[in-house]
Amino acid sequence: MSGRLAQRRAGDAAARGRWARGAWLGAVVAAGTACDPRAGEGAPADPLGATASADARGRFVWRERGTGVDFVHRMCGSGKKLLVEITGAGASLLDYDGDGDQDLLLCQGAALPGFDATGVDLRDRLYRNDGGWRFTDVTEATGAFDAGYTYSIACPDVDGDGDPDLYFVNAGRNTWLRNDVATHGRFVDVTADWGAESPEWSASAAFADLDLDGDLDLYVANYVELRLDHPGCGKLARGEAWRRYCHPDEFRPAPDRLYRNDDGRFVDVSERLGEAGKGGAGLGVVLSDYDTDGDVDLFVANDSTPNFLWRNDGGFRFAEVAGEAWVAVDGSGVSTAAMGCDFGDIDGDGDFDLVVANLAMEVNTLYRNDGEGHFDDRSAASGFGPPSLLYVGFGLELFDADLDADLDAMVANGHISDNIHLYDPSQTFRQPPLFLTNDGSGRFKNARPEEAGRYFEAQHVARALVVGDLDGDGDQDVVIAHWDGAPALLENRTIATPSAGEAAAPRWIALELIGQGKNRQALGAHVTVVAGGKTQIEEVRGTSSYGAFQALPLVFGLGAAAQVDRISVRWPDGRTSDHGPLPADARHRITQPAP
């Protein structure tokens, strides 16, 4: 342990030196790149007016028109290169109206100094899922928007009434909207009553019953101080074209916030995090019981500062153990520019591994859980890291895209310097996404663009990535939010178009968990599924990836198995229940038994 902690300290110094040498701008590499250095110039690769997608090549079909989703994210800048304007574009999936399908919520910016907002709609937008890949904008009708510069929106059912409420995570004051759609047709601002305003520049928020008292508590990952008067960085003597967005080291990290739910009021208990909670530039956050002791722990992806791993020691006490668990830095002892993150059992050994999306020239990190409370950096050996070398990863999610009973991965990429080609010809602003398939043992292969789909042949400035079954066919679809542009809706065609050599489409099962008390969404529940001689595990998390809130029903690929033999649920309060057998190719609601 002491050696690892020494490595961490040395790595922090090395990271600072690397940034000073210009890694923020991307190092020049000897190997060639397929990226066009001019990709950061001109019109976006995915305009709203693009041809409707009738091209069904690959696993994911890019639905560009005909969905009714007409949202365009605006970065709201005026050339001042304010850091706040380059990292946004969040997305959430939720069933706001209780009709059983996934609706789409997209985050918007707000006017920054010098931005002319005349005639520009700067509201977050809520789209109701009407089935058949048709969505209706219900923002005005429901009031589901906030005036802040929104980075993400978490959708917990805080009051336990059976519908999701909205917590707007903003650069500035965070706000609450209670879901009163069923009774009064609208969302109602209850920030003054519920609290948790967290006035810093917030990036992500995770909800779970951290003290096992039956209601949802809150962790807010805050980024850096919000400076709207900063002059920008770069080779200013060479003209405005060379002005760039500053590295976050130019600003003080904003302290994270921890809130305890006391009878519906969120009380700030951040002092329990100690000095550690003040030292990170937090972007992504994801919960998991990584040490299998029955309570929820939290990982925070920090940008260019060591990551946090908050081990839950019970009684609302937390220990920051990222150093001793070996996830504070990468395997070389260097702090990465960490953004999106997720937990999942990628190798089928019964514990949760960790993946983190990083800056170009760092590669994305895969930390393998050894089952003893430590992680090993297996980024290179697993094949997970090398395909990301030239890309800046934001949204990152583990899910079984091909329903073969193991977890694949998708990464949304896009640089944080819109003029990176001036500084480094090997780098581009717009970048292709990654779709990594798992061979079942935890080894990944980057799918060829023609295998993944036409969206993967194009380049984008992508941020949030959310996953859920949008069309109700059993496989999981994807929405990727684009910076200063329209989002991409990707239809998964695994069910409709079986892979070559398959006699039939793979089987699946979807589970919606209903908890007792105020945690009706069962956030933090641990689920074990046994089918076809294989055991899979998953957790109900909500927040993961980057700037995202995921669809809560858990989807398990079953391969050829026609039924699930057994389902075991460890509920957030520690009680367990067993279920099954259950038929495949169906959605099942599992309600926590009464005590």
# chains A, B, ... in the order shown; residues from 1 in each chain; ligands from 1

$ residues_around --residues "Asp101 in chain A" --least-positions-apart "2" --cutoff "7 Å" --atoms "only C-alpha atoms" --output "ChimeraX atom specification"
/A:95,99,103,129,470

$ select_by_dssp --residues "range 36-210 of chain A" --states "strand (DSSP E or B)" --output "JSON, numbers by chain"
{"A": [60, 61, 62, 63, 91, 92, 93, 94, 103, 104, 105, 106, 125, 126, 127, 128, 129, 135, 136, 137, 150, 151, 152, 153, 154, 166, 167, 168, 169, 170, 171, 175, 176, 177, 178, 179, 180, 186, 187, 188, 189, 195, 201, 202, 203, 204, 205, 206, 207, 208]}

$ write_last_selection --atoms "N, CA and C atoms" --output "compact mmCIF listing (two decimals), in the first residue's frame"
# COMPACT_ATOMS: atom_id res chain seq x y z
N PHE A 60 -26.09 -0.38 -34.98
CA PHE A 60 -26.84 0.80 -34.56
C PHE A 60 -27.21 1.65 -35.77
N VAL A 61 -28.50 1.95 -35.89
CA VAL A 61 -29.00 2.81 -36.96
C VAL A 61 -29.17 4.22 -36.41
N TRP A 62 -28.58 5.17 -37.09
CA TRP A 62 -28.62 6.57 -36.68
C TRP A 62 -29.92 7.20 -37.17
N ARG A 63 -30.83 7.48 -36.24
CA ARG A 63 -32.12 8.07 -36.60
C ARG A 63 -31.98 9.58 -36.58
N ALA A 91 -27.75 14.47 -20.87
CA ALA A 91 -28.97 13.79 -21.31
C ALA A 91 -29.42 12.81 -20.23
N SER A 92 -30.74 12.59 -20.15
CA SER A 92 -31.30 11.65 -19.18
C SER A 92 -32.43 10.87 -19.81
N LEU A 93 -32.61 9.63 -19.35
CA LEU A 93 -33.76 8.82 -19.72
C LEU A 93 -34.57 8.56 -18.46
N LEU A 94 -35.88 8.71 -18.58
CA LEU A 94 -36.78 8.55 -17.44
C LEU A 94 -38.18 8.27 -17.95
N ASP A 103 -38.72 8.24 -21.68
CA ASP A 103 -38.77 9.59 -22.23
C ASP A 103 -37.36 10.18 -22.20
N LEU A 104 -37.18 11.27 -22.92
CA LEU A 104 -35.84 11.83 -23.12
C LEU A 104 -35.78 13.27 -22.63
N LEU A 105 -34.79 13.56 -21.79
CA LEU A 105 -34.58 14.89 -21.23
C LEU A 105 -33.19 15.36 -21.65
N LEU A 106 -33.10 16.54 -22.25
CA LEU A 106 -31.84 17.05 -22.78
C LEU A 106 -31.49 18.38 -22.12
N ARG A 125 -35.02 20.49 -22.51
CA ARG A 125 -36.20 20.01 -23.24
C ARG A 125 -36.55 18.58 -22.83
N LEU A 126 -37.84 18.36 -22.60
CA LEU A 126 -38.37 17.04 -22.27
C LEU A 126 -39.21 16.55 -23.44
N TYR A 127 -38.87 15.34 -23.92
CA TYR A 127 -39.59 14.73 -25.04
C TYR A 127 -40.29 13.46 -24.56
N ARG A 128 -41.60 13.42 -24.75
CA ARG A 128 -42.39 12.24 -24.39
C ARG A 128 -42.24 11.17 -25.47
N ASN A 129 -42.00 9.95 -25.05
CA ASN A 129 -41.86 8.83 -25.97
C ASN A 129 -43.26 8.32 -26.34
N PHE A 135 -41.29 11.08 -30.81
CA PHE A 135 -41.24 11.81 -29.55
C PHE A 135 -41.96 13.15 -29.71
N THR A 136 -42.60 13.59 -28.63
CA THR A 136 -43.31 14.87 -28.63
C THR A 136 -42.71 15.78 -27.57
N ASP A 137 -42.42 17.01 -27.95
CA ASP A 137 -41.87 18.00 -27.02
C ASP A 137 -42.96 18.43 -26.04
N THR A 150 -27.17 24.10 -17.42
CA THR A 150 -27.38 22.75 -16.91
C THR A 150 -26.38 21.77 -17.50
N TYR A 151 -25.70 21.03 -16.62
CA TYR A 151 -24.75 20.02 -17.05
C TYR A 151 -25.34 18.62 -17.06
N SER A 152 -26.18 18.32 -16.11
CA SER A 152 -26.85 17.03 -16.07
C SER A 152 -28.12 17.16 -15.26
N ILE A 153 -29.00 16.19 -15.41
CA ILE A 153 -30.25 16.19 -14.65
C ILE A 153 -30.45 14.78 -14.10
N ALA A 154 -30.39 14.65 -12.79
CA ALA A 154 -30.67 13.37 -12.15
C ALA A 154 -32.17 13.25 -11.94
N LEU A 166 -36.89 15.80 -10.61
CA LEU A 166 -35.75 16.27 -11.39
C LEU A 166 -34.83 17.13 -10.54
N TYR A 167 -33.54 16.77 -10.54
CA TYR A 167 -32.53 17.56 -9.86
C TYR A 167 -31.59 18.10 -10.92
N PHE A 168 -31.64 19.43 -11.13
CA PHE A 168 -30.85 20.09 -12.17
C PHE A 168 -29.46 20.42 -11.63
N VAL A 169 -28.46 19.83 -12.25
CA VAL A 169 -27.07 19.99 -11.84
C VAL A 169 -26.46 21.06 -12.74
N ASN A 170 -26.18 22.22 -12.16
CA ASN A 170 -25.85 23.41 -12.94
C ASN A 170 -24.47 23.97 -12.62
N ALA A 171 -23.99 24.77 -13.52
CA ALA A 171 -22.84 25.62 -13.22
C ALA A 171 -23.39 26.82 -12.47
N THR A 175 -31.12 23.11 -8.75
CA THR A 175 -32.55 23.29 -8.46
C THR A 175 -33.30 21.97 -8.52
N TRP A 176 -34.47 21.97 -7.87
CA TRP A 176 -35.36 20.82 -7.81
C TRP A 176 -36.69 21.10 -8.50
N LEU A 177 -37.18 20.13 -9.24
CA LEU A 177 -38.55 20.14 -9.71
C LEU A 177 -39.22 18.85 -9.25
N ARG A 178 -40.30 18.98 -8.46
CA ARG A 178 -41.07 17.81 -8.06
C ARG A 178 -42.04 17.44 -9.16
N ASN A 179 -42.18 16.16 -9.41
CA ASN A 179 -43.05 15.67 -10.47
C ASN A 179 -44.49 15.62 -9.97
N ASP A 180 -45.29 16.58 -10.42
CA ASP A 180 -46.73 16.61 -10.12
C ASP A 180 -47.55 16.42 -11.39
N ARG A 186 -47.86 19.22 -14.22
CA ARG A 186 -46.61 19.96 -14.37
C ARG A 186 -45.60 19.57 -13.28
N PHE A 187 -44.36 19.95 -13.52
CA PHE A 187 -43.32 19.89 -12.49
C PHE A 187 -43.34 21.20 -11.70
N VAL A 188 -43.07 21.10 -10.40
CA VAL A 188 -43.16 22.26 -9.51
C VAL A 188 -41.81 22.48 -8.85
N ASP A 189 -41.35 23.73 -8.83
CA ASP A 189 -40.07 24.07 -8.21
C ASP A 189 -40.20 23.97 -6.69
N GLY A 195 -33.89 21.87 -0.64
CA GLY A 195 -32.50 22.24 -0.42
C GLY A 195 -31.55 21.65 -1.44
N TRP A 201 -19.96 25.11 -9.27
CA TRP A 201 -20.10 24.55 -10.61
C TRP A 201 -20.19 23.03 -10.45
N SER A 202 -21.40 22.52 -10.54
CA SER A 202 -21.63 21.08 -10.37
C SER A 202 -21.65 20.39 -11.73
N ALA A 203 -21.23 19.13 -11.73
CA ALA A 203 -21.19 18.36 -12.98
C ALA A 203 -22.07 17.13 -12.92
N SER A 204 -22.11 16.43 -11.78
CA SER A 204 -22.86 15.18 -11.67
C SER A 204 -23.44 15.04 -10.27
N ALA A 205 -24.51 14.26 -10.16
CA ALA A 205 -25.12 13.99 -8.86
C ALA A 205 -25.59 12.55 -8.81
N ALA A 206 -25.30 11.87 -7.70
CA ALA A 206 -25.71 10.48 -7.52
C ALA A 206 -26.58 10.36 -6.27
N PHE A 207 -27.66 9.59 -6.39
CA PHE A 207 -28.59 9.38 -5.29
C PHE A 207 -28.58 7.92 -4.86
N ALA A 208 -28.58 7.71 -3.56
CA ALA A 208 -28.68 6.37 -2.98
C ALA A 208 -29.01 6.51 -1.51

$ closest_atom_pairs --of "range 224-277 of chain A" --to "range 302-321 of chain A" --cutoff "9 Å" --atoms "only C-alpha atoms" --output "JSON lines"
{"residue": "A:Pro248", "atom": "CA", "partner": "A:Asp303", "partner_atom": "CA", "distance": 7.5}
{"residue": "A:Asp249", "atom": "CA", "partner": "A:Ser304", "partner_atom": "CA", "distance": 7.8}
{"residue": "A:Arg260", "atom": "CA", "partner": "A:Phe316", "partner_atom": "CA", "distance": 8.3}
{"residue": "A:Arg272", "atom": "CA", "partner": "A:Arg317", "partner_atom": "CA", "distance": 6.8}
{"residue": "A:Leu273", "atom": "CA", "partner": "A:Phe318", "partner_atom": "CA", "distance": 6.9}
{"residue": "A:Ala276", "atom": "CA", "partner": "A:Glu320", "partner_atom": "CA", "distance": 7.1}
{"residue": "A:Gly277", "atom": "CA", "partner": "A:Phe308", "partner_atom": "CA", "distance": 8.3}

$ residues_around --residues "range 531-539 of chain A" --least-positions-apart "4" --cutoff "7 Å" --atoms "only C-alpha atoms" --output "list in words"
Gly344, Asp345, Gly348, Gly350, Gly524, Ala525, His526, Val527, Leu558, Ala561, Gln563, Val564 and Asp565 of chain A

$ write_last_selection --atoms "N, CA and C atoms" --output "PDB file, in the first residue's frame"
ATOM      1  N   GLY A 344     -19.069  -2.288 -13.726  1.00  0.00           N
ATOM      2  CA  GLY A 344     -19.720  -3.455 -14.297  1.00  0.00           C
ATOM      3  C   GLY A 344     -18.818  -4.667 -14.188  1.00  0.00           C
ATOM      4  N   ASP A 345     -19.409  -5.843 -14.170  1.00  0.00           N
ATOM      5  CA  ASP A 345     -18.632  -7.082 -14.093  1.00  0.00           C
ATOM      6  C   ASP A 345     -18.236  -7.474 -15.510  1.00  0.00           C
ATOM      7  N   GLY A 348     -17.007 -11.422 -15.693  1.00  0.00           N
ATOM      8  CA  GLY A 348     -17.876 -12.481 -15.204  1.00  0.00           C
ATOM      9  C   GLY A 348     -17.396 -13.194 -13.968  1.00  0.00           C
ATOM     10  N   GLY A 350     -17.918 -12.083 -10.828  1.00  0.00           N
ATOM     11  CA  GLY A 350     -18.797 -11.849  -9.689  1.00  0.00           C
ATOM     12  C   GLY A 350     -18.540 -10.593  -8.899  1.00  0.00           C
ATOM     13  N   GLY A 524     -29.442   1.453  -5.806  1.00  0.00           N
ATOM     14  CA  GLY A 524     -28.484   0.750  -4.973  1.00  0.00           C
ATOM     15  C   GLY A 524     -28.742  -0.736  -4.854  1.00  0.00           C
ATOM     16  N   ALA A 525     -29.851  -1.235  -5.402  1.00  0.00           N
ATOM     17  CA  ALA A 525     -30.145  -2.667  -5.328  1.00  0.00           C
ATOM     18  C   ALA A 525     -29.138  -3.460  -6.156  1.00  0.00           C
ATOM     19  N   HIS A 526     -28.805  -4.651  -5.686  1.00  0.00           N
ATOM     20  CA  HIS A 526     -27.864  -5.561  -6.335  1.00  0.00           C
ATOM     21  C   HIS A 526     -28.655  -6.756  -6.857  1.00  0.00           C
ATOM     22  N   VAL A 527     -28.490  -7.085  -8.146  1.00  0.00           N
ATOM     23  CA  VAL A 527     -29.291  -8.128  -8.786  1.00  0.00           C
ATOM     24  C   VAL A 527     -28.375  -9.200  -9.359  1.00  0.00           C
ATOM     25  N   LEU A 558     -29.239 -12.815 -22.635  1.00  0.00           N
ATOM     26  CA  LEU A 558     -29.261 -14.214 -22.213  1.00  0.00           C
ATOM     27  C   LEU A 558     -28.682 -15.154 -23.249  1.00  0.00           C
ATOM     28  N   ALA A 561     -30.431 -18.693 -24.063  1.00  0.00           N
ATOM     29  CA  ALA A 561     -31.246 -19.221 -22.956  1.00  0.00           C
ATOM     30  C   ALA A 561     -32.701 -18.775 -23.082  1.00  0.00           C
ATOM     31  N   GLN A 563     -35.028 -19.068 -20.734  1.00  0.00           N
ATOM     32  CA  GLN A 563     -35.597 -18.588 -19.485  1.00  0.00           C
ATOM     33  C   GLN A 563     -34.477 -18.220 -18.522  1.00  0.00           C
ATOM     34  N   VAL A 564     -34.842 -17.451 -17.507  1.00  0.00           N
ATOM     35  CA  VAL A 564     -33.947 -17.174 -16.393  1.00  0.00           C
ATOM     36  C   VAL A 564     -34.303 -18.158 -15.287  1.00  0.00           C
ATOM     37  N   ASP A 565     -33.319 -18.898 -14.842  1.00  0.00           N
ATOM     38  CA  ASP A 565     -33.577 -19.918 -13.829  1.00  0.00           C
ATOM     39  C   ASP A 565     -33.806 -19.315 -12.450  1.00  0.00           C
TER      40      ASP A 565
END

$ atom_distance --atom1 "CA of Asn364 in chain A" --atom2 "CA of Cys341 in chain A"
9.8 Å

$ residues_around --residues "range 409-421 of chain A" --least-positions-apart "3" --cutoff "8 Å" --atoms "only C-alpha atoms" --output "PyMOL selection string"
chain A and resi 25-26+37-38+40+86-87+241-242+244-245+357+391-401+424-438+460-465+480

$ atom_distance --atom1 "CA of Val69 in chain A" --atom2 "CA of Gly162 in chain A"
26.2 Å

$ residues_around --residues "Gly385 in chain A" --least-positions-apart "2" --cutoff "9 Å" --atoms "only C-alpha atoms" --output "CSV table (one decimal) with N, CA and C atoms, in the first residue's frame"
chain,number,residue,atom,x,y,z
A,362,GLU,N,-3.8,9.6,-23.1
A,362,GLU,CA,-3.8,8.9,-21.8
A,362,GLU,C,-4.4,7.5,-21.9
A,363,VAL,N,-5.2,7.3,-22.8
A,363,VAL,CA,-6.1,6.1,-23.0
A,363,VAL,C,-7.1,5.9,-21.9
A,364,ASN,N,-8.3,5.4,-22.2
A,364,ASN,CA,-9.3,5.1,-21.2
A,364,ASN,C,-8.8,4.0,-20.3
A,365,THR,N,-9.2,4.0,-19.0
A,365,THR,CA,-8.7,3.1,-18.1
A,365,THR,C,-9.7,2.0,-17.7
A,366,LEU,N,-9.3,0.8,-17.6
A,366,LEU,CA,-10.1,-0.3,-17.1
A,366,LEU,C,-9.4,-0.8,-15.9
A,378,ARG,N,-5.9,-2.7,-16.1
A,378,ARG,CA,-5.8,-3.7,-17.2
A,378,ARG,C,-6.1,-3.1,-18.5
A,379,SER,N,-5.9,-1.8,-18.6
A,379,SER,CA,-6.3,-1.1,-19.8
A,379,SER,C,-5.7,-1.6,-21.1
A,380,ALA,N,-4.4,-1.9,-21.1
A,380,ALA,CA,-3.7,-2.4,-22.3
A,380,ALA,C,-4.0,-3.9,-22.5
A,381,ALA,N,-3.9,-4.7,-21.4
A,381,ALA,CA,-4.0,-6.1,-21.5
A,381,ALA,C,-5.4,-6.6,-22.0
A,382,SER,N,-6.4,-5.8,-21.6
A,382,SER,CA,-7.8,-6.1,-22.0
A,382,SER,C,-8.2,-5.6,-23.3
A,383,GLY,N,-7.4,-4.8,-24.0
A,383,GLY,CA,-7.7,-4.2,-25.2
A,383,GLY,C,-8.7,-3.0,-25.1
A,387,PRO,N,-7.6,1.6,-28.2
A,387,PRO,CA,-8.3,2.3,-29.3
A,387,PRO,C,-8.6,3.8,-29.0
A,388,SER,N,-8.5,4.2,-27.7
A,388,SER,CA,-8.9,5.5,-27.3
A,388,SER,C,-7.7,6.5,-27.3
A,389,LEU,N,-6.5,6.1,-27.7
A,389,LEU,CA,-5.3,6.9,-27.6
A,389,LEU,C,-5.5,8.3,-28.1

$ residues_around --residues "Gly557 in chain A" --least-positions-apart "6" --cutoff "6 Å" --atoms "only C-alpha atoms" --output "MDAnalysis selection string"
chainID A and resid 403:405 508

$ write_last_selection --atoms "all heavy atoms" --output "CSV table (one decimal), in the first residue's frame"
chain,number,residue,atom,x,y,z
A,403,LEU,N,-26.5,-8.6,-26.5
A,403,LEU,CA,-27.3,-9.6,-25.7
A,403,LEU,C,-26.7,-11.0,-25.7
A,403,LEU,O,-27.4,-12.0,-25.6
A,403,LEU,CB,-28.7,-9.7,-26.3
A,403,LEU,CG,-29.5,-8.4,-26.4
A,403,LEU,CD1,-30.8,-8.6,-27.0
A,403,LEU,CD2,-29.7,-7.8,-25.0
A,404,ASP,N,-25.3,-11.0,-25.6
A,404,ASP,CA,-24.6,-12.3,-25.6
A,404,ASP,C,-24.2,-12.7,-24.1
A,404,ASP,O,-23.4,-13.5,-23.9
A,404,ASP,CB,-23.5,-12.4,-26.5
A,404,ASP,CG,-22.4,-11.4,-26.2
A,404,ASP,OD1,-22.6,-10.5,-25.3
A,404,ASP,OD2,-21.3,-11.5,-26.8
A,405,ALA,N,-24.7,-11.9,-23.2
A,405,ALA,CA,-24.5,-12.2,-21.7
A,405,ALA,C,-23.2,-11.7,-21.2
A,405,ALA,O,-22.6,-12.3,-20.3
A,405,ALA,CB,-24.7,-13.7,-21.4
A,508,TRP,N,-33.3,-12.2,-24.1
A,508,TRP,CA,-33.1,-11.1,-23.1
A,508,TRP,C,-34.2,-11.1,-22.0
A,508,TRP,O,-35.2,-11.8,-22.2
A,508,TRP,CB,-33.1,-9.7,-23.8
A,508,TRP,CG,-34.4,-9.5,-24.6
A,508,TRP,CD1,-34.7,-9.9,-25.8
A,508,TRP,CD2,-35.6,-8.9,-24.1
A,508,TRP,NE1,-36.0,-9.6,-26.2
A,508,TRP,CE2,-36.6,-8.9,-25.1
A,508,TRP,CE3,-35.9,-8.2,-22.9
A,508,TRP,CZ2,-37.8,-8.4,-25.0
A,508,TRP,CZ3,-37.2,-7.7,-22.7
A,508,TRP,CH2,-38.2,-7.8,-23.8

$ atom_distance --atom1 "CA of Leu212 in chain A" --atom2 "CA of Arg541 in chain A"
15.6 Å

$ closest_residue --among "A:Asp217, A:Ala192, A:Val467, A:Asp376" --to "Gly333 in chain A" --atoms "only C-alpha atoms"
A:Asp376

$ closest_residue --among "A:Gln476, A:Gln592, A:Asn358, A:Asn222" --to "Lys278 in chain A" --atoms "only C-alpha atoms"
A:Asn222

$ decode --residues "range 98-182 of chain A" --atoms "C-alpha atoms" --output "PDB file, in the first residue's frame"
ATOM      1  CA  GLY A  98     -45.508   6.316 -15.854  1.00  0.00           C
ATOM      2  CA  ASP A  99     -46.602   4.808 -19.166  1.00  0.00           C
ATOM      3  CA  GLY A 100     -43.819   2.229 -19.229  1.00  0.00           C
ATOM      4  CA  ASP A 101     -41.492   3.658 -21.848  1.00  0.00           C
ATOM      5  CA  GLN A 102     -38.412   5.848 -21.695  1.00  0.00           C
ATOM      6  CA  ASP A 103     -38.768   9.586 -22.233  1.00  0.00           C
ATOM      7  CA  LEU A 104     -35.837  11.829 -23.118  1.00  0.00           C
ATOM      8  CA  LEU A 105     -34.584  14.892 -21.235  1.00  0.00           C
ATOM      9  CA  LEU A 106     -31.844  17.055 -22.781  1.00  0.00           C
ATOM     10  CA  CYS A 107     -29.742  19.689 -21.006  1.00  0.00           C
ATOM     11  CA  GLN A 108     -29.253  23.221 -22.300  1.00  0.00           C
ATOM     12  CA  GLY A 109     -26.771  25.973 -21.588  1.00  0.00           C
ATOM     13  CA  ALA A 110     -27.506  29.551 -20.553  1.00  0.00           C
ATOM     14  CA  ALA A 111     -26.372  32.903 -21.917  1.00  0.00           C
ATOM     15  CA  LEU A 112     -22.752  33.711 -21.050  1.00  0.00           C
ATOM     16  CA  PRO A 113     -21.196  37.206 -21.216  1.00  0.00           C
ATOM     17  CA  GLY A 114     -21.354  38.508 -24.779  1.00  0.00           C
ATOM     18  CA  PHE A 115     -23.784  35.847 -26.060  1.00  0.00           C
ATOM     19  CA  ASP A 116     -26.808  37.214 -27.929  1.00  0.00           C
ATOM     20  CA  ALA A 117     -29.740  35.063 -26.832  1.00  0.00           C
ATOM     21  CA  THR A 118     -32.287  36.924 -28.939  1.00  0.00           C
ATOM     22  CA  GLY A 119     -34.650  34.398 -30.482  1.00  0.00           C
ATOM     23  CA  VAL A 120     -32.745  31.425 -29.062  1.00  0.00           C
ATOM     24  CA  ASP A 121     -34.628  28.840 -26.988  1.00  0.00           C
ATOM     25  CA  LEU A 122     -32.344  28.123 -24.026  1.00  0.00           C
ATOM     26  CA  ARG A 123     -34.614  25.747 -22.156  1.00  0.00           C
ATOM     27  CA  ASP A 124     -33.821  22.186 -21.231  1.00  0.00           C
ATOM     28  CA  ARG A 125     -36.203  20.007 -23.241  1.00  0.00           C
ATOM     29  CA  LEU A 126     -38.374  17.037 -22.274  1.00  0.00           C
ATOM     30  CA  TYR A 127     -39.588  14.727 -25.035  1.00  0.00           C
ATOM     31  CA  ARG A 128     -42.388  12.237 -24.386  1.00  0.00           C
ATOM     32  CA  ASN A 129     -41.861   8.827 -25.970  1.00  0.00           C
ATOM     33  CA  ASP A 130     -44.931   8.010 -28.080  1.00  0.00           C
ATOM     34  CA  GLY A 131     -43.565   4.725 -29.426  1.00  0.00           C
ATOM     35  CA  GLY A 132     -42.290   3.835 -32.871  1.00  0.00           C
ATOM     36  CA  TRP A 133     -39.369   6.253 -32.557  1.00  0.00           C
ATOM     37  CA  ARG A 134     -41.714   9.219 -32.296  1.00  0.00           C
ATOM     38  CA  PHE A 135     -41.235  11.812 -29.551  1.00  0.00           C
ATOM     39  CA  THR A 136     -43.312  14.873 -28.628  1.00  0.00           C
ATOM     40  CA  ASP A 137     -41.868  17.997 -27.016  1.00  0.00           C
ATOM     41  CA  VAL A 138     -43.758  18.450 -23.738  1.00  0.00           C
ATOM     42  CA  THR A 139     -41.399  21.001 -22.192  1.00  0.00           C
ATOM     43  CA  GLU A 140     -43.871  23.860 -22.192  1.00  0.00           C
ATOM     44  CA  ALA A 141     -46.777  21.714 -21.066  1.00  0.00           C
ATOM     45  CA  THR A 142     -44.906  20.182 -18.125  1.00  0.00           C
ATOM     46  CA  GLY A 143     -42.564  23.006 -17.122  1.00  0.00           C
ATOM     47  CA  ALA A 144     -39.623  20.575 -17.092  1.00  0.00           C
ATOM     48  CA  PHE A 145     -36.810  23.080 -17.510  1.00  0.00           C
ATOM     49  CA  ASP A 146     -34.529  25.330 -15.501  1.00  0.00           C
ATOM     50  CA  ALA A 147     -32.930  28.703 -16.244  1.00  0.00           C
ATOM     51  CA  GLY A 148     -29.417  27.636 -15.233  1.00  0.00           C
ATOM     52  CA  TYR A 149     -26.462  26.416 -17.272  1.00  0.00           C
ATOM     53  CA  THR A 150     -27.375  22.746 -16.905  1.00  0.00           C
ATOM     54  CA  TYR A 151     -24.746  20.015 -17.051  1.00  0.00           C
ATOM     55  CA  SER A 152     -26.845  17.025 -16.071  1.00  0.00           C
ATOM     56  CA  ILE A 153     -30.249  16.186 -14.654  1.00  0.00           C
ATOM     57  CA  ALA A 154     -30.675  13.370 -12.149  1.00  0.00           C
ATOM     58  CA  CYS A 155     -34.132  11.791 -11.988  1.00  0.00           C
ATOM     59  CA  PRO A 156     -34.670  10.235  -8.539  1.00  0.00           C
ATOM     60  CA  ASP A 157     -38.092   9.622  -7.021  1.00  0.00           C
ATOM     61  CA  VAL A 158     -37.181  11.523  -3.878  1.00  0.00           C
ATOM     62  CA  ASP A 159     -40.623  11.710  -2.308  1.00  0.00           C
ATOM     63  CA  GLY A 160     -41.432   8.058  -2.997  1.00  0.00           C
ATOM     64  CA  ASP A 161     -44.695   8.748  -4.802  1.00  0.00           C
ATOM     65  CA  GLY A 162     -43.897   6.556  -7.800  1.00  0.00           C
ATOM     66  CA  ASP A 163     -42.701   9.106 -10.343  1.00  0.00           C
ATOM     67  CA  PRO A 164     -39.244  10.620 -10.977  1.00  0.00           C
ATOM     68  CA  ASP A 165     -38.438  14.110  -9.768  1.00  0.00           C
ATOM     69  CA  LEU A 166     -35.747  16.271 -11.391  1.00  0.00           C
ATOM     70  CA  TYR A 167     -32.527  17.564  -9.856  1.00  0.00           C
ATOM     71  CA  PHE A 168     -30.852  20.090 -12.172  1.00  0.00           C
ATOM     72  CA  VAL A 169     -27.071  19.987 -11.843  1.00  0.00           C
ATOM     73  CA  ASN A 170     -25.853  23.408 -12.943  1.00  0.00           C
ATOM     74  CA  ALA A 171     -22.836  25.624 -13.223  1.00  0.00           C
ATOM     75  CA  GLY A 172     -24.163  27.643 -10.319  1.00  0.00           C
ATOM     76  CA  ARG A 173     -27.197  27.030  -8.112  1.00  0.00           C
ATOM     77  CA  ASN A 174     -28.766  23.572  -8.471  1.00  0.00           C
ATOM     78  CA  THR A 175     -32.547  23.293  -8.456  1.00  0.00           C
ATOM     79  CA  TRP A 176     -35.355  20.816  -7.807  1.00  0.00           C
ATOM     80  CA  LEU A 177     -38.555  20.141  -9.706  1.00  0.00           C
ATOM     81  CA  ARG A 178     -41.067  17.806  -8.057  1.00  0.00           C
ATOM     82  CA  ASN A 179     -43.054  15.665 -10.468  1.00  0.00           C
ATOM     83  CA  ASP A 180     -46.726  16.608 -10.119  1.00  0.00           C
ATOM     84  CA  VAL A 181     -47.604  15.628 -13.685  1.00  0.00           C
ATOM     85  CA  ALA A 182     -50.157  13.007 -12.638  1.00  0.00           C
TER      86      ALA A 182
END
